[in-house]
Amino acid sequence: MAEKKCSECGKVYDANLQACPECGKIDPDNQVVDAPTPPEETTAPEAATPKVPETPAAASTATESRYYILENGQMTGPWAVSELLGHGLTINSQVWNETMPTWSSAVQIPELAALLGIKPIQPQQPTPQPPQYQQPYQQPPYQQPYQQPPYQQPYQQQPYQQAPYQQQPYQQAPYQQAYQQPQYQRDDTFSAGPSGKSRGAAALLALFLGSLGVHYFYIGKNTAGLIMLLITVLTCGCGGIVTVVLSIISCIKMFTCTTPEFEQNYVYSPTTFPV
């Protein structure tokens, strides 16, 4: 039996294999080691032999599978299995024959994988998915068939009619009296204001009896008048100096202000002790 030596790993293997079983290298030109040459025999011409019926094994050999090779977009073939290696079959080649539904890799076909000296690769089967629950069919609710709305007469614009002009009778505007400038009223110092209090009288009381708080009693500020009286009495007149000064200040302000200012700052003032 002829043997070949791998140029990659140096392993010696059967010459009928095109790929090294050790490293898988495909090298059809490996050196043949110890390839014995059978002796040539000279045989006499044989006589004609009767034709023997073809056996099933011979019929199987006659109908050997033939494959097409697809390489770089070019299809060649068909070739017998024994001729595929000589026409560029590799582990990456795509092959096809009449019994196959589509192109397939050479390593996925058992007889071609054995020819290449490798184990055939089985295509990965998809993982079966569990059946999904489907809700039973429910008939949709009954819907009343569409009914065309009754016909409506299209809108017709009414002709424009101008309203008759009616002249309004002339009416004379009522007589209005001419504007008269208000007369100036003099602010009298000793005249009583809206509250009935006179700022002149309050100023004189603050000047002469202010230390006793009489002017505060006059304008209705009883709490302030009581404070002034207690300061003067309880200090035996010593605190009267302070009350006198405050009364003189109030007197001057009352004389120099107007009646509305007097009413606002003293009579209607929210403070308890207006000065």
# chains A, B, ... in the order shown; residues from 1 in each chain; ligands from 1
call {"tool": "residues_around", "arguments": {"residues": "A:Gly200", "least_positions_apart": "3", "cutoff": "7 Å", "atoms": "only C-alpha atoms", "output": "list of chain:residue names"}}
result
A:Thr189, A:Phe190, A:Ala203, A:Leu204, A:Phe255
call {"tool": "residues_around", "arguments": {"residues": "A:Thr76", "least_positions_apart": "5", "cutoff": "12 Å", "atoms": "only C-alpha atoms", "output": "mmCIF file with N, CA and C atoms, in the first residue's frame"}}
result
data_model
loop_
_atom_site.group_PDB
_atom_site.id
_atom_site.type_symbol
_atom_site.label_atom_id
_atom_site.label_comp_id
_atom_site.auth_asym_id
_atom_site.auth_seq_id
_atom_site.Cartn_x
_atom_site.Cartn_y
_atom_site.Cartn_z
ATOM 1 N N ARG A 66 -22.305 12.699 -7.965
ATOM 2 C CA ARG A 66 -21.479 13.691 -8.624
ATOM 3 C C ARG A 66 -21.903 15.070 -8.096
ATOM 4 N N TYR A 67 -20.912 15.883 -7.810
ATOM 5 C CA TYR A 67 -21.158 17.152 -7.147
ATOM 6 C C TYR A 67 -20.651 18.308 -7.999
ATOM 7 N N TYR A 68 -21.351 19.436 -7.867
ATOM 8 C CA TYR A 68 -20.884 20.708 -8.420
ATOM 9 C C TYR A 68 -20.147 21.463 -7.314
ATOM 10 N N ILE A 69 -19.116 22.199 -7.695
ATOM 11 C CA ILE A 69 -18.320 22.986 -6.748
ATOM 12 C C ILE A 69 -18.518 24.464 -7.065
ATOM 13 N N LEU A 70 -18.814 25.265 -6.021
ATOM 14 C CA LEU A 70 -18.962 26.711 -6.169
ATOM 15 C C LEU A 70 -17.771 27.376 -5.496
ATOM 16 N N GLU A 71 -16.948 28.030 -6.293
ATOM 17 C CA GLU A 71 -15.724 28.639 -5.783
ATOM 18 C C GLU A 71 -15.582 30.010 -6.425
ATOM 19 N N GLU A 83 -12.922 12.672 -7.871
ATOM 20 C CA GLU A 83 -12.316 13.737 -8.670
ATOM 21 C C GLU A 83 -12.391 15.102 -7.996
ATOM 22 N N LEU A 84 -13.076 15.181 -6.874
ATOM 23 C CA LEU A 84 -13.308 16.491 -6.273
ATOM 24 C C LEU A 84 -12.031 17.131 -5.762
ATOM 25 N N HIS A 87 -10.034 18.940 -8.299
ATOM 26 C CA HIS A 87 -10.639 20.152 -8.851
ATOM 27 C C HIS A 87 -10.854 21.219 -7.784
ATOM 28 N N GLY A 88 -10.051 21.201 -6.735
ATOM 29 C CA GLY A 88 -10.025 22.299 -5.766
ATOM 30 C C GLY A 88 -11.002 22.186 -4.618
ATOM 31 N N LEU A 89 -11.430 20.977 -4.226
ATOM 32 C CA LEU A 89 -12.322 20.842 -3.082
ATOM 33 C C LEU A 89 -11.561 21.115 -1.791
ATOM 34 N N SER A 93 -15.352 24.790 0.727
ATOM 35 C CA SER A 93 -16.043 24.769 -0.553
ATOM 36 C C SER A 93 -17.537 24.535 -0.347
ATOM 37 N N GLN A 94 -18.336 25.112 -1.258
ATOM 38 C CA GLN A 94 -19.766 24.891 -1.301
ATOM 39 C C GLN A 94 -20.065 23.895 -2.434
ATOM 40 N N VAL A 95 -20.829 22.840 -2.134
ATOM 41 C CA VAL A 95 -21.108 21.793 -3.116
ATOM 42 C C VAL A 95 -22.618 21.606 -3.220
ATOM 43 N N TRP A 96 -23.007 20.951 -4.353
ATOM 44 C CA TRP A 96 -24.424 20.698 -4.582
ATOM 45 C C TRP A 96 -24.561 19.604 -5.632
ATOM 46 N N ASN A 97 -25.622 18.793 -5.498
ATOM 47 C CA ASN A 97 -26.008 17.853 -6.557
ATOM 48 C C ASN A 97 -27.531 17.805 -6.620
#
call {"tool": "atom_distance", "arguments": {"atom1": "atom CA of A:Ser247", "atom2": "atom CA of A:Leu207"}}
result
6.2 Å
call {"tool": "atom_distance", "arguments": {"atom1": "atom CA of A:Ser198", "atom2": "atom CA of A:Ile248"}}
result
17.1 Å
call {"tool": "atom_distance", "arguments": {"atom1": "atom CA of A:Gly193", "atom2": "atom CA of A:Val267"}}
result
10.1 Å
call {"tool": "residues_around", "arguments": {"residues": "A:Tyr266", "least_positions_apart": "3", "cutoff": "10 Å", "atoms": "only C-alpha atoms", "output": "list in words"}}
result
Arg199, Ala202, Tyr216, Ile219, Gly220, Lys221, Ser250, Met254, Glu261, Phe262, Glu263, Ser269, Pro270, Thr271, Thr272, Phe273, Pro274 and Val275 of chain A
call {"tool": "residues_around", "arguments": {"residues": "stretch 227-238 of chain A", "least_positions_apart": "4", "cutoff": "10 Å", "atoms": "only C-alpha atoms", "output": "list of chain:residue names"}}
result
A:Gly210, A:Ser211, A:Leu212, A:Gly213, A:Val214, A:Tyr216, A:Asn222, A:Thr223, A:Val242, A:Thr243, A:Val244, A:Leu246, A:Ser247, A:Phe273
call {"tool": "write_last_selection", "arguments": {"atoms": "C-alpha atoms", "output": "compact mmCIF listing (two decimals), in the first residue's frame"}}
result
# COMPACT_ATOMS: atom_id res chain seq x y z
CA GLY A 210 -49.80 121.25 78.62
CA SER A 211 -47.85 119.89 81.59
CA LEU A 212 -51.19 118.60 82.97
CA GLY A 213 -52.22 117.03 79.65
CA VAL A 214 -55.35 119.19 79.28
CA TYR A 216 -54.94 115.77 75.08
CA ASN A 222 -57.41 110.52 77.35
CA THR A 223 -54.60 108.02 77.76
CA VAL A 242 -40.30 117.21 80.04
CA THR A 243 -44.06 117.65 79.73
CA VAL A 244 -43.71 121.39 79.19
CA LEU A 246 -43.52 118.34 74.67
CA SER A 247 -46.51 120.66 75.09
CA PHE A 273 -49.41 109.79 72.26
call {"tool": "closest_residue", "arguments": {"among": "A:Ala19, A:Pro140, A:Ser82, A:Ser65", "to": "A:Met100", "atoms": "only C-alpha atoms"}}
result
A:Ser65
call {"tool": "residues_around", "arguments": {"residues": "A:Val12", "least_positions_apart": "3", "cutoff": "8 Å", "atoms": "only C-alpha atoms", "output": "MDAnalysis selection string"}}
result
chainID A and resid 3:6 33
call {"tool": "decode", "arguments": {"residues": "stretch 207-254 of chain A", "atoms": "N, CA and C atoms", "output": "compact mmCIF listing (two decimals), in the first residue's frame"}}
result
# COMPACT_ATOMS: atom_id res chain seq x y z
N LEU A 207 -50.17 125.19 75.38
CA LEU A 207 -49.17 126.18 75.79
C LEU A 207 -49.26 126.49 77.28
N PHE A 208 -50.48 126.62 77.81
CA PHE A 208 -50.64 127.06 79.21
C PHE A 208 -50.85 125.89 80.17
N LEU A 209 -51.54 124.83 79.76
CA LEU A 209 -51.82 123.71 80.65
C LEU A 209 -51.30 122.40 80.09
N GLY A 210 -50.29 122.47 79.26
CA GLY A 210 -49.80 121.25 78.62
C GLY A 210 -49.14 120.30 79.58
N SER A 211 -48.52 120.80 80.66
CA SER A 211 -47.85 119.89 81.59
C SER A 211 -48.85 119.00 82.31
N LEU A 212 -50.14 119.42 82.33
CA LEU A 212 -51.19 118.60 82.97
C LEU A 212 -51.95 117.75 81.95
N GLY A 213 -51.60 117.86 80.69
CA GLY A 213 -52.22 117.03 79.65
C GLY A 213 -53.62 117.47 79.29
N VAL A 214 -53.97 118.74 79.53
CA VAL A 214 -55.35 119.19 79.28
C VAL A 214 -55.65 119.18 77.78
N HIS A 215 -54.70 119.56 76.94
CA HIS A 215 -54.94 119.60 75.49
C HIS A 215 -55.24 118.19 74.92
N TYR A 216 -54.64 117.14 75.53
CA TYR A 216 -54.94 115.77 75.08
C TYR A 216 -56.35 115.35 75.49
N PHE A 217 -56.76 115.78 76.71
CA PHE A 217 -58.14 115.50 77.10
C PHE A 217 -59.11 116.20 76.17
N TYR A 218 -58.74 117.38 75.67
CA TYR A 218 -59.63 118.16 74.79
C TYR A 218 -59.84 117.46 73.45
N ILE A 219 -58.78 116.88 72.88
CA ILE A 219 -58.93 116.26 71.55
C ILE A 219 -59.35 114.79 71.65
N GLY A 220 -59.56 114.27 72.86
CA GLY A 220 -60.06 112.91 73.01
C GLY A 220 -58.99 111.86 73.26
N LYS A 221 -57.73 112.25 73.41
CA LYS A 221 -56.65 111.31 73.70
C LYS A 221 -56.48 111.24 75.20
N ASN A 222 -57.40 110.56 75.89
CA ASN A 222 -57.41 110.52 77.35
C ASN A 222 -56.20 109.79 77.91
N THR A 223 -55.76 108.77 77.26
CA THR A 223 -54.60 108.02 77.76
C THR A 223 -53.35 108.90 77.77
N ALA A 224 -53.13 109.65 76.70
CA ALA A 224 -51.96 110.54 76.65
C ALA A 224 -52.07 111.65 77.70
N GLY A 225 -53.30 112.20 77.91
CA GLY A 225 -53.47 113.23 78.93
C GLY A 225 -53.21 112.71 80.32
N LEU A 226 -53.64 111.46 80.59
CA LEU A 226 -53.41 110.87 81.90
C LEU A 226 -51.93 110.63 82.14
N ILE A 227 -51.19 110.24 81.10
CA ILE A 227 -49.75 110.02 81.25
C ILE A 227 -49.05 111.34 81.61
N MET A 228 -49.41 112.42 80.88
CA MET A 228 -48.79 113.72 81.16
C MET A 228 -49.09 114.17 82.58
N LEU A 229 -50.33 113.98 83.05
CA LEU A 229 -50.72 114.39 84.40
C LEU A 229 -49.97 113.62 85.46
N LEU A 230 -49.82 112.29 85.28
CA LEU A 230 -49.12 111.46 86.28
C LEU A 230 -47.65 111.79 86.34
N ILE A 231 -47.02 112.08 85.19
CA ILE A 231 -45.59 112.44 85.20
C ILE A 231 -45.37 113.71 86.02
N THR A 232 -46.26 114.68 85.83
CA THR A 232 -46.08 115.96 86.54
C THR A 232 -46.36 115.81 88.03
N VAL A 233 -47.43 115.08 88.40
CA VAL A 233 -47.84 114.97 89.80
C VAL A 233 -46.91 114.06 90.57
N LEU A 234 -46.58 112.89 90.03
CA LEU A 234 -45.79 111.92 90.78
C LEU A 234 -44.36 112.34 90.95
N THR A 235 -43.85 113.19 90.12
CA THR A 235 -42.45 113.67 90.26
C THR A 235 -42.38 115.01 90.97
N CYS A 236 -43.52 115.44 91.54
CA CYS A 236 -43.59 116.71 92.28
C CYS A 236 -43.11 117.89 91.44
N GLY A 237 -43.45 117.85 90.19
CA GLY A 237 -43.11 118.94 89.29
C GLY A 237 -41.78 118.80 88.60
N CYS A 238 -40.95 117.86 89.06
CA CYS A 238 -39.64 117.70 88.39
C CYS A 238 -39.81 117.17 86.96
N GLY A 239 -40.75 116.29 86.79
CA GLY A 239 -40.99 115.76 85.44
C GLY A 239 -41.76 116.73 84.57
N GLY A 240 -42.22 117.86 85.19
CA GLY A 240 -42.95 118.82 84.40
C GLY A 240 -42.12 119.49 83.33
N ILE A 241 -40.78 119.46 83.51
CA ILE A 241 -39.91 120.08 82.51
C ILE A 241 -40.09 119.35 81.17
N VAL A 242 -40.15 118.02 81.26
CA VAL A 242 -40.30 117.21 80.04
C VAL A 242 -41.67 117.44 79.42
N THR A 243 -42.71 117.48 80.26
CA THR A 243 -44.06 117.65 79.73
C THR A 243 -44.26 119.03 79.14
N VAL A 244 -43.61 120.03 79.73
CA VAL A 244 -43.71 121.39 79.19
C VAL A 244 -43.08 121.47 77.81
N VAL A 245 -41.90 120.86 77.66
CA VAL A 245 -41.22 120.88 76.36
C VAL A 245 -42.09 120.20 75.30
N LEU A 246 -42.66 119.05 75.62
CA LEU A 246 -43.52 118.34 74.67
C LEU A 246 -44.76 119.15 74.34
N SER A 247 -45.31 119.87 75.34
CA SER A 247 -46.51 120.66 75.09
C SER A 247 -46.21 121.84 74.18
N ILE A 248 -45.04 122.50 74.36
CA ILE A 248 -44.67 123.62 73.49
C ILE A 248 -44.51 123.15 72.04
N ILE A 249 -43.91 121.97 71.86
CA ILE A 249 -43.74 121.44 70.51
C ILE A 249 -45.11 121.18 69.88
N SER A 250 -46.03 120.58 70.64
CA SER A 250 -47.38 120.32 70.12
C SER A 250 -48.10 121.62 69.80
N CYS A 251 -47.91 122.66 70.63
CA CYS A 251 -48.55 123.95 70.39
C CYS A 251 -48.10 124.55 69.07
N ILE A 252 -46.78 124.55 68.82
CA ILE A 252 -46.25 125.12 67.58
C ILE A 252 -46.80 124.36 66.37
N LYS A 253 -46.82 123.02 66.42
CA LYS A 253 -47.29 122.22 65.29
C LYS A 253 -48.78 122.43 65.04
N MET A 254 -49.56 122.62 66.11
CA MET A 254 -50.99 122.85 65.92
C MET A 254 -51.27 124.21 65.30
